[in-house]
>>> print(open('input.cif').read())   # mmCIF, C-alpha atoms
data_protein
loop_
_atom_site.label_atom_id
_atom_site.label_comp_id
_atom_site.auth_asym_id
_atom_site.auth_seq_id
_atom_site.Cartn_x
_atom_site.Cartn_y
_atom_site.Cartn_z
CA MET A 1 160.35 105.01 -6.25
CA LYS A 2 157.00 106.65 -5.56
CA ALA A 3 154.50 104.33 -3.89
CA GLU A 4 151.08 103.85 -5.42
CA PHE A 5 148.09 104.24 -3.11
CA ASN A 6 145.91 101.21 -2.52
CA TYR A 7 142.83 101.53 -0.29
CA ASP A 8 142.76 97.92 0.88
CA SER A 9 146.43 97.97 1.81
CA ALA A 10 146.28 101.42 3.42
CA PHE A 11 143.53 100.41 5.83
CA SER A 12 144.36 96.71 6.19
CA ARG A 13 145.34 97.14 9.85
CA ASN A 14 141.75 98.12 10.64
CA ILE A 15 140.73 94.57 9.70
CA GLY A 16 140.17 92.50 12.79
CA TRP A 17 138.38 95.32 14.57
CA VAL A 18 136.18 95.63 11.51
CA THR A 19 135.47 93.01 8.87
CA PRO A 20 136.54 93.47 5.23
CA SER A 21 132.90 94.08 4.27
CA GLU A 22 132.53 96.66 7.07
CA GLN A 23 135.66 98.41 5.84
CA GLN A 24 134.15 98.68 2.39
CA ALA A 25 130.93 99.98 3.96
CA LEU A 26 132.93 102.75 5.69
CA ARG A 27 134.53 103.57 2.36
CA GLY A 28 131.05 104.30 1.00
CA LYS A 29 129.98 106.63 3.84
CA ARG A 30 129.82 110.42 3.66
CA VAL A 31 130.49 112.43 6.85
CA ALA A 32 129.98 116.16 7.37
CA ILE A 33 132.25 118.08 9.73
CA ALA A 34 131.62 121.73 10.58
CA GLY A 35 134.61 123.46 12.13
CA LEU A 36 138.21 122.36 11.49
CA GLY A 37 139.92 123.81 14.54
CA GLY A 38 140.92 122.01 17.72
CA VAL A 39 138.66 119.00 17.34
CA GLY A 40 137.38 119.25 13.77
CA GLY A 41 140.75 118.81 12.10
CA ALA A 42 141.53 115.81 14.29
CA HIS A 43 138.09 114.38 13.48
CA LEU A 44 138.77 114.64 9.75
CA LEU A 45 142.18 112.96 9.90
CA THR A 46 141.06 110.21 12.30
CA LEU A 47 137.99 109.38 10.23
CA THR A 48 140.12 109.43 7.08
CA ARG A 49 142.43 106.85 8.68
CA LEU A 50 139.36 104.82 9.63
CA GLY A 51 138.68 104.62 5.90
CA ILE A 52 135.67 106.92 5.47
CA GLY A 53 135.52 107.72 1.77
CA SER A 54 133.68 111.05 1.49
CA PHE A 55 133.47 114.26 3.48
CA HIS A 56 131.80 117.65 3.50
CA ILE A 57 133.98 120.05 5.52
CA ALA A 58 133.17 123.62 6.51
CA ASP A 59 135.19 126.41 8.12
CA PHE A 60 135.64 130.10 7.27
CA ASP A 61 138.77 130.66 9.37
CA THR A 62 142.51 130.69 8.72
CA PHE A 63 145.31 129.30 10.90
CA ASP A 64 147.19 131.51 13.34
CA ILE A 65 149.92 130.95 15.92
CA PRO A 66 147.57 130.71 18.96
CA ASN A 67 146.14 127.58 17.28
CA PHE A 68 149.46 125.71 17.64
CA ASN A 69 148.80 124.06 21.00
CA ARG A 70 145.87 121.93 19.80
CA GLN A 71 144.88 122.18 16.11
CA ALA A 72 145.89 119.39 13.75
CA GLY A 73 146.65 121.64 10.77
CA ALA A 74 148.36 124.45 12.70
CA MET A 75 152.07 124.87 11.88
CA MET A 76 154.34 127.62 10.60
CA SER A 77 153.72 126.58 7.00
CA SER A 78 149.95 126.96 7.41
CA VAL A 79 149.74 130.34 9.18
CA GLY A 80 147.34 132.57 7.25
CA ARG A 81 146.05 129.70 5.09
CA GLN A 82 142.44 128.57 4.97
CA LYS A 83 141.76 125.72 7.39
CA THR A 84 139.64 123.85 4.86
CA GLU A 85 142.47 124.01 2.29
CA VAL A 86 145.13 122.78 4.71
CA LEU A 87 143.08 119.96 6.20
CA ALA A 88 141.74 118.79 2.85
CA THR A 89 145.33 118.53 1.60
CA MET A 90 146.38 116.59 4.70
CA ALA A 91 143.44 114.20 4.39
CA ARG A 92 144.07 113.60 0.67
CA ASP A 93 147.71 112.89 1.50
CA ILE A 94 146.42 109.97 3.60
CA ASN A 95 143.83 108.84 1.03
CA PRO A 96 144.23 110.36 -2.46
CA GLY A 97 140.92 108.78 -3.42
CA LEU A 98 138.90 110.84 -0.96
CA SER A 99 135.87 112.77 -2.11
CA ILE A 100 135.90 116.09 -0.23
CA GLN A 101 133.47 118.94 -0.77
CA VAL A 102 134.73 122.15 0.83
CA PHE A 103 132.58 124.95 2.26
CA GLU A 104 134.99 127.84 2.74
CA GLN A 105 132.35 130.19 4.15
CA GLY A 106 131.56 127.81 7.00
CA VAL A 107 128.00 126.62 7.50
CA THR A 108 125.41 129.24 6.59
CA GLU A 109 121.69 129.39 5.89
CA GLN A 110 122.57 129.63 2.20
CA ASN A 111 124.68 126.46 2.00
CA LEU A 112 123.16 124.31 4.77
CA ASP A 113 121.14 122.15 2.36
CA ALA A 114 124.21 121.43 0.24
CA PHE A 115 126.35 120.82 3.33
CA LEU A 116 124.00 118.08 4.57
CA LEU A 117 123.08 116.62 1.16
CA GLY A 118 123.69 112.86 1.10
CA ILE A 119 125.26 112.85 4.57
CA ASP A 120 125.29 109.69 6.71
CA LEU A 121 126.61 111.34 9.90
CA TYR A 122 127.31 114.85 11.17
CA VAL A 123 130.32 115.31 13.47
CA ASP A 124 130.42 118.61 15.33
CA GLY A 125 133.77 120.37 15.27
CA LEU A 126 132.52 123.93 15.75
CA ASP A 127 134.11 126.34 18.18
CA PHE A 128 132.54 126.21 21.64
CA PHE A 129 130.97 129.66 21.14
CA ALA A 130 129.63 129.03 17.60
CA PHE A 131 126.02 129.13 18.81
CA SER A 132 124.36 130.42 15.63
CA ALA A 133 125.94 127.69 13.49
CA ARG A 134 124.87 124.96 15.91
CA LYS A 135 121.33 126.36 15.96
CA LEU A 136 121.32 125.86 12.18
CA VAL A 137 122.95 122.46 11.85
CA PHE A 138 121.52 120.32 14.65
CA PRO A 139 117.82 121.03 13.95
CA ALA A 140 118.44 120.36 10.25
CA CYS A 141 120.07 117.02 11.10
CA ALA A 142 117.08 116.07 13.24
CA GLN A 143 114.65 117.06 10.47
CA LEU A 144 116.60 115.08 7.86
CA GLY A 145 117.12 112.03 10.08
CA ILE A 146 120.90 112.44 10.17
CA PRO A 147 122.62 111.19 13.33
CA ALA A 148 124.88 113.76 14.96
CA THR A 149 127.70 113.44 17.48
CA THR A 150 129.60 116.06 19.44
CA ALA A 151 132.74 115.49 21.48
CA ALA A 152 133.81 118.49 23.55
CA PRO A 153 137.40 119.00 24.73
CA LEU A 154 137.22 119.74 28.46
CA GLY A 155 140.42 120.06 30.45
CA MET A 156 142.35 116.88 29.68
CA GLY A 157 139.32 114.85 28.70
CA THR A 158 136.25 114.76 26.51
CA ALA A 159 132.48 114.75 26.93
CA VAL A 160 130.46 113.01 24.23
CA LEU A 161 126.79 113.30 23.28
CA ASN A 162 124.96 111.60 20.42
CA PHE A 163 121.70 112.82 18.93
CA LEU A 164 120.02 110.04 16.98
CA PRO A 165 117.00 110.16 14.65
CA GLY A 166 113.78 109.84 16.63
CA GLY A 167 115.52 110.51 19.93
CA MET A 168 115.99 113.56 22.11
CA THR A 169 117.08 116.53 20.02
CA PHE A 170 119.89 119.00 20.60
CA GLU A 171 117.32 121.74 21.24
CA GLU A 172 115.39 119.65 23.75
CA TYR A 173 118.56 118.76 25.63
CA PHE A 174 120.33 122.15 25.82
CA CYS A 175 117.23 124.41 26.01
CA TRP A 176 118.69 127.44 24.25
CA ASP A 177 115.38 129.17 23.47
CA ASN A 178 115.20 132.81 24.57
CA CYS A 179 118.74 132.73 25.99
CA SER A 180 121.48 135.32 25.84
CA GLU A 181 124.82 134.12 24.48
CA ASP A 182 126.23 134.01 28.01
CA GLU A 183 123.36 131.77 29.07
CA MET A 184 123.82 129.58 26.00
CA ALA A 185 127.51 129.18 26.86
CA LEU A 186 126.67 128.08 30.39
CA ARG A 187 123.93 125.71 29.25
CA PHE A 188 126.25 124.21 26.65
CA LEU A 189 129.04 123.69 29.20
CA ILE A 190 126.85 122.18 31.91
CA GLY A 191 124.85 120.15 29.40
CA LEU A 192 127.98 118.67 27.86
CA SER A 193 129.60 118.05 31.21
CA PRO A 194 127.07 117.34 33.98
CA SER A 195 129.81 115.66 36.03
CA MET A 196 132.27 118.59 35.55
CA LEU A 197 135.26 116.28 36.02
CA GLN A 198 137.62 118.90 34.67
CA ARG A 199 136.75 121.60 37.18
CA GLY A 200 138.91 120.33 40.04
CA TYR A 201 142.27 120.87 38.34
CA LEU A 202 141.76 124.22 36.61
CA VAL A 203 144.75 126.06 38.11
CA ASP A 204 144.05 129.55 36.71
CA ARG A 205 140.37 130.49 36.63
CA SER A 206 141.14 133.83 35.02
CA ALA A 207 141.85 131.93 31.77
CA VAL A 208 138.12 131.23 31.45
CA ASP A 209 136.47 134.36 30.08
CA PHE A 210 132.97 133.87 28.70
CA LYS A 211 132.63 137.58 27.98
CA ALA A 212 135.72 137.51 25.74
CA ARG A 213 134.64 134.15 24.27
CA LYS A 214 137.81 132.30 25.19
CA GLY A 215 139.03 129.53 27.44
CA PRO A 216 142.06 127.27 27.95
CA SER A 217 142.61 124.11 25.92
CA THR A 218 144.93 121.12 25.69
CA PRO A 219 146.09 118.95 22.78
CA MET A 220 145.31 115.83 24.79
CA ALA A 221 141.63 116.72 25.01
CA CYS A 222 141.38 117.29 21.26
CA GLU A 223 142.99 113.94 20.48
CA LEU A 224 140.71 112.17 22.97
CA CYS A 225 137.73 113.86 21.30
CA ALA A 226 138.79 112.49 17.93
CA GLY A 227 139.13 108.97 19.27
CA MET A 228 135.78 109.04 21.05
CA ALA A 229 133.93 110.65 18.13
CA ALA A 230 135.42 108.25 15.59
CA THR A 231 134.37 105.30 17.74
CA GLN A 232 130.83 106.66 17.91
CA ALA A 233 130.97 107.16 14.14
CA LEU A 234 132.02 103.56 13.57
CA LYS A 235 129.18 102.20 15.70
CA ILE A 236 126.56 104.50 14.19
CA LEU A 237 127.62 103.98 10.58
CA LEU A 238 128.01 100.20 10.88
CA ARG A 239 125.01 99.80 13.21
CA ARG A 240 127.21 97.79 15.54
CA GLY A 241 127.53 98.01 19.30
CA GLU A 242 125.57 100.04 21.83
CA VAL A 243 125.21 103.71 20.95
CA ILE A 244 124.07 105.79 23.90
CA SER A 245 122.31 109.02 23.05
CA ALA A 246 120.92 112.09 24.78
CA PRO A 247 119.88 112.40 27.54
CA TYR A 248 122.73 109.93 28.20
CA GLY A 249 126.33 110.97 27.64
CA LEU A 250 129.91 109.95 28.34
CA HIS A 251 132.64 111.98 30.04
CA PHE A 252 136.19 110.62 30.21
CA ASP A 253 138.88 112.59 31.99
CA ALA A 254 142.44 111.30 31.61
CA TYR A 255 143.77 113.55 34.38
CA ARG A 256 141.19 112.36 36.90
CA ASN A 257 141.38 108.72 35.70
CA LYS A 258 137.60 108.67 35.48
CA LEU A 259 134.89 107.66 33.05
CA VAL A 260 131.35 108.74 33.89
CA LYS A 261 128.14 107.80 32.10
CA THR A 262 125.84 110.77 32.59
CA TRP A 263 122.05 110.85 32.50
CA ARG A 264 120.01 114.03 32.54
CA PRO A 265 116.38 113.31 31.58
CA GLY A 266 114.90 116.59 30.42
CA GLY A 267 118.37 117.90 29.62
CA ASN A 268 119.00 121.32 31.12
CA ARG A 269 115.43 121.41 32.47
CA ASN A 270 116.36 118.60 34.86
CA PRO A 271 116.29 119.88 38.49
CA ILE A 272 119.91 118.80 39.03
CA GLN A 273 120.94 120.71 35.91
CA ARG A 274 119.01 123.79 36.97
CA LEU A 275 120.91 123.80 40.27
CA ALA A 276 124.23 123.33 38.47
CA LEU A 277 123.38 126.19 36.11
CA TRP A 278 122.48 128.46 39.02
CA ILE A 279 125.81 127.71 40.73
CA ALA A 280 127.77 128.14 37.50
CA ALA A 281 126.04 131.43 36.72
CA ARG A 282 127.03 132.85 40.09
CA GLN A 283 130.61 131.55 39.90
CA ILE A 284 131.37 132.27 36.25
CA LEU A 285 129.13 135.20 35.32
CA GLY A 286 128.34 136.66 38.70
CA THR A 287 124.63 136.46 37.96
CA GLU A 288 121.71 134.18 38.71
CA ARG A 289 120.01 134.62 35.32
CA ALA A 290 121.56 131.66 33.52
CA GLY A 291 120.40 129.21 36.15
CA LYS A 292 116.72 129.94 35.69
CA SER A 293 114.63 127.45 33.77
CA ASP A 294 112.46 128.37 30.80
#
>>> encode(input="input.cif", output="structure tokens")
Amino acid sequence: MKAEFNYDSAFSRNIGWVTPSEQQALRGKRVAIAGLGGVGGAHLLTLTRLGIGSFHIADFDTFDIPNFNRQAGAMMSSVGRQKTEVLATMARDINPGLSIQVFEQGVTEQNLDAFLLGIDLYVDGLDFFAFSARKLVFPACAQLGIPATTAAPLGMGTAVLNFLPGGMTFEEYFCWDNCSEDEMALRFLIGLSPSMLQRGYLVDRSAVDFKARKGPSTPMACELCAGMAATQALKILLRRGEVISAPYGLHFDAYRNKLVKTWRPGGNRNPIQRLALWIAARQILGTERAGKSD
């Protein structure tokens, strides 16, 4: 006999960590996720299981076999299929009552307003090198007063930053103005991960290729990202618990058994960050350009 879906029953095991009224509040929230690859797909499914009731999801890509090691929707049956289609189906299989608006072209200047319309929280799931999309979305969130969270998969851990209305903005923290894409990549990496916990156990440095826009990944990091981002989402949406925001961040590395609370006042203009960028530029790009401040 086919079971009938019931929201209260489906998410009843959340109760205790949230109250029944908080669960209903989560049901009424709308979350936007751009990018449904390594972290974005896991974000969508985790937040669906948390009981979020509405989503805007954006991605222009299709699944391929190199996605198999980390992406929630990647399997033989999904190769060649649109990521938004696959993940929307998976999420609706968890909660048939979901409201999901799909943006199959990804986030663009043309659909940005619609993508952020009525949104309570933006969760960043974009590819590491998706600089142009981030330069669209984060400033728009700040202008509209939408809180934004990003959880980056780094090695076998995750680095988390929140950007809250009225606080330090993404642009102020990462300082991407007048940067080449190589410099943006370095500033994004060092800004996300001031402690660089993952660096000590990278066994094959040739796998990191900024010029080719690729790097190694692990499924553990993506799952940790989803857990950390969903926890930030719960606290932000329910206004419960301490939410740390830029220039503060969190970096947890399961391999190193370490959790670090980072603080970089001034973001990448901080003298410590400028030194880290100079070192990274020499080691990764073989140049000193990316370490120079604006």
>>> axis_aligned_box(input="input.cif", around="range 270-281 of chain A", padding_each_side="4 Å", output="AutoDock Vina command-line options")
--center_x 122.0 --center_y 125.0 --center_z 37.8 --size_x 19.5 --size_y 20.8 --size_z 13.9
>>> closest_residue(input="input.cif", among="A:Ala229, A:Leu154, A:Ala221, A:Ala148", to="Asn69 in chain A", atoms="all atoms listed in the file")
A:Ala221
>>> resolve_selection(input="input.cif", expression="the PyMOL selection byres ((chain A and resi 200) around 12)", output="list of chain:residue names")
A:Leu154, A:Gly155, A:Met156, A:Ser195, A:Met196, A:Leu197, A:Gln198, A:Arg199, A:Tyr201, A:Leu202, A:Val203, A:Asp204, A:Arg205, A:Asp253, A:Tyr255, A:Arg256
>>> resolve_selection(input="input.cif", expression="the PyMOL selection byres ((chain A and resi 22) around 12)", output="VMD selection string")
chain A and resid 11 to 12 14 to 21 23 to 29 50 to 52 234 to 235 237 to 240
>>> residues_around(input="input.cif", residues="Asn268 in chain A", least_positions_apart="4", cutoff="12 Å", atoms="all atoms listed in the file", output="MDAnalysis selection string")
chainID A and resid 170:177 183:184 186:194 246:247 263:264 272:278 290:294
>>> closest_residue(input="input.cif", among="A:Ser180, A:Asn95, A:Gln105, A:Asn67", to="Asp8 in chain A", atoms="all atoms listed in the file")
A:Asn95
>>> closest_residue(input="input.cif", among="A:Ala58, A:Ala42, A:Leu250, A:Val86", to="Gly227 in chain A", atoms="all atoms listed in the file")
A:Ala42
>>> atom_distance(input="input.cif", atom1="CA of Asp59 in chain A", atom2="CA of Lys135 in chain A")
15.9 Å
>>> resolve_selection(input="input.cif", expression="the PyMOL selection byres ((chain A and resi 164) around 10)", output="VMD selection string")
chain A and resid 121 141 to 142 145 to 149 161 to 163 165 to 170 236 243 to 246
>>> atom_distance(input="input.cif", atom1="CA of Thr46 in chain A", atom2="CA of Ala185 in chain A")
27.5 Å
>>> closest_residue(input="input.cif", among="A:Ala233, A:Pro271, A:Ala34, A:Asp93", to="Phe138 in chain A", atoms="all atoms listed in the file")
A:Ala34
>>> atom_distance(input="input.cif", atom1="CA of Met220 in chain A", atom2="CA of Met90 in chain A")
20.1 Å
>>> closest_residue(input="input.cif", among="A:Gly97, A:Tyr122, A:Gln283, A:Gln82", to="Ser206 in chain A", atoms="all atoms listed in the file")
A:Gln283
>>> residues_near_point(input="input.cif", point="(132.0, 127.6, 6.1)", cutoff="12 Å", atoms="only C-alpha atoms", output="PyMOL selection string")
chain A and resi 32-36+56-62+82-85+101-112+114-115+125-126+130+133+137
>>> write_last_selection(input="input.cif", atoms="C-alpha atoms", output="mmCIF file, keeping the file's coordinate frame")
data_model
loop_
_atom_site.group_PDB
_atom_site.id
_atom_site.type_symbol
_atom_site.label_atom_id
_atom_site.label_comp_id
_atom_site.auth_asym_id
_atom_site.auth_seq_id
_atom_site.Cartn_x
_atom_site.Cartn_y
_atom_site.Cartn_z
ATOM 1 C CA ALA A 32 129.980 116.160 7.370
ATOM 2 C CA ILE A 33 132.250 118.080 9.730
ATOM 3 C CA ALA A 34 131.620 121.730 10.580
ATOM 4 C CA GLY A 35 134.610 123.460 12.130
ATOM 5 C CA LEU A 36 138.210 122.360 11.490
ATOM 6 C CA HIS A 56 131.800 117.650 3.500
ATOM 7 C CA ILE A 57 133.980 120.050 5.520
ATOM 8 C CA ALA A 58 133.170 123.620 6.510
ATOM 9 C CA ASP A 59 135.190 126.410 8.120
ATOM 10 C CA PHE A 60 135.640 130.100 7.270
ATOM 11 C CA ASP A 61 138.770 130.660 9.370
ATOM 12 C CA THR A 62 142.510 130.690 8.720
ATOM 13 C CA GLN A 82 142.440 128.570 4.970
ATOM 14 C CA LYS A 83 141.760 125.720 7.390
ATOM 15 C CA THR A 84 139.640 123.850 4.860
ATOM 16 C CA GLU A 85 142.470 124.010 2.290
ATOM 17 C CA GLN A 101 133.470 118.940 -0.770
ATOM 18 C CA VAL A 102 134.730 122.150 0.830
ATOM 19 C CA PHE A 103 132.580 124.950 2.260
ATOM 20 C CA GLU A 104 134.990 127.840 2.740
ATOM 21 C CA GLN A 105 132.350 130.190 4.150
ATOM 22 C CA GLY A 106 131.560 127.810 7.000
ATOM 23 C CA VAL A 107 128.000 126.620 7.500
ATOM 24 C CA THR A 108 125.410 129.240 6.590
ATOM 25 C CA GLU A 109 121.690 129.390 5.890
ATOM 26 C CA GLN A 110 122.570 129.630 2.200
ATOM 27 C CA ASN A 111 124.680 126.460 2.000
ATOM 28 C CA LEU A 112 123.160 124.310 4.770
ATOM 29 C CA ALA A 114 124.210 121.430 0.240
ATOM 30 C CA PHE A 115 126.350 120.820 3.330
ATOM 31 C CA GLY A 125 133.770 120.370 15.270
ATOM 32 C CA LEU A 126 132.520 123.930 15.750
ATOM 33 C CA ALA A 130 129.630 129.030 17.600
ATOM 34 C CA ALA A 133 125.940 127.690 13.490
ATOM 35 C CA VAL A 137 122.950 122.460 11.850
#
>>> closest_residue(input="input.cif", among="A:Phe252, A:Phe68, A:Tyr7, A:Phe55", to="Ile94 in chain A", atoms="all atoms listed in the file")
A:Tyr7
>>> decode(input="input.cif", residues="range 25-74 of chain A", atoms="C-alpha atoms", output="short mmCIF file (atom, residue, chain, number, x, y, z; two decimals), in the first residue's frame")
data_model
loop_
_atom_site.label_atom_id
_atom_site.label_comp_id
_atom_site.auth_asym_id
_atom_site.auth_seq_id
_atom_site.Cartn_x
_atom_site.Cartn_y
_atom_site.Cartn_z
CA ALA A 25 8.16 28.46 10.86
CA LEU A 26 10.78 26.56 8.84
CA ARG A 27 8.00 25.19 6.66
CA GLY A 28 7.11 28.78 5.74
CA LYS A 29 10.65 29.84 4.78
CA ARG A 30 11.97 30.25 1.24
CA VAL A 31 15.67 29.54 0.57
CA ALA A 32 17.61 30.25 -2.62
CA ILE A 33 20.48 27.98 -3.65
CA ALA A 34 22.69 28.80 -6.63
CA GLY A 35 24.72 25.84 -7.86
CA LEU A 36 23.62 22.22 -7.37
CA GLY A 37 26.95 20.45 -7.66
CA GLY A 38 29.15 19.17 -4.86
CA VAL A 39 27.69 21.26 -2.06
CA GLY A 40 24.53 22.74 -3.57
CA GLY A 41 22.74 19.43 -4.07
CA ALA A 42 23.57 18.35 -0.54
CA HIS A 43 22.35 21.74 0.74
CA LEU A 44 19.00 21.27 -0.99
CA LEU A 45 18.41 17.76 0.34
CA THR A 46 19.57 18.57 3.88
CA LEU A 47 17.42 21.69 4.09
CA THR A 48 14.48 19.74 2.66
CA ARG A 49 14.90 17.19 5.47
CA LEU A 50 15.06 20.07 7.94
CA GLY A 51 11.56 20.93 6.74
CA ILE A 52 12.13 24.10 4.70
CA GLY A 53 9.04 24.49 2.55
CA SER A 54 10.12 26.55 -0.48
CA PHE A 55 13.21 26.86 -2.65
CA HIS A 56 14.58 28.73 -5.62
CA ILE A 57 17.32 26.61 -7.22
CA ALA A 58 19.64 27.59 -10.06
CA ASP A 59 22.16 25.66 -12.16
CA PHE A 60 22.80 25.50 -15.92
CA ASP A 61 24.87 22.30 -15.86
CA THR A 62 24.20 18.60 -16.43
CA PHE A 63 25.60 15.62 -14.54
CA ASP A 64 28.66 13.76 -15.77
CA ILE A 65 30.75 10.86 -14.48
CA PRO A 66 33.52 13.03 -12.90
CA ASN A 67 30.79 14.34 -10.56
CA PHE A 68 30.31 10.90 -8.96
CA ASN A 69 32.78 11.28 -6.09
CA ARG A 70 30.92 14.12 -4.38
CA GLN A 71 27.65 15.32 -5.94
CA ALA A 72 24.36 14.26 -4.37
CA GLY A 73 22.47 13.80 -7.65
CA ALA A 74 25.30 12.18 -9.63
#
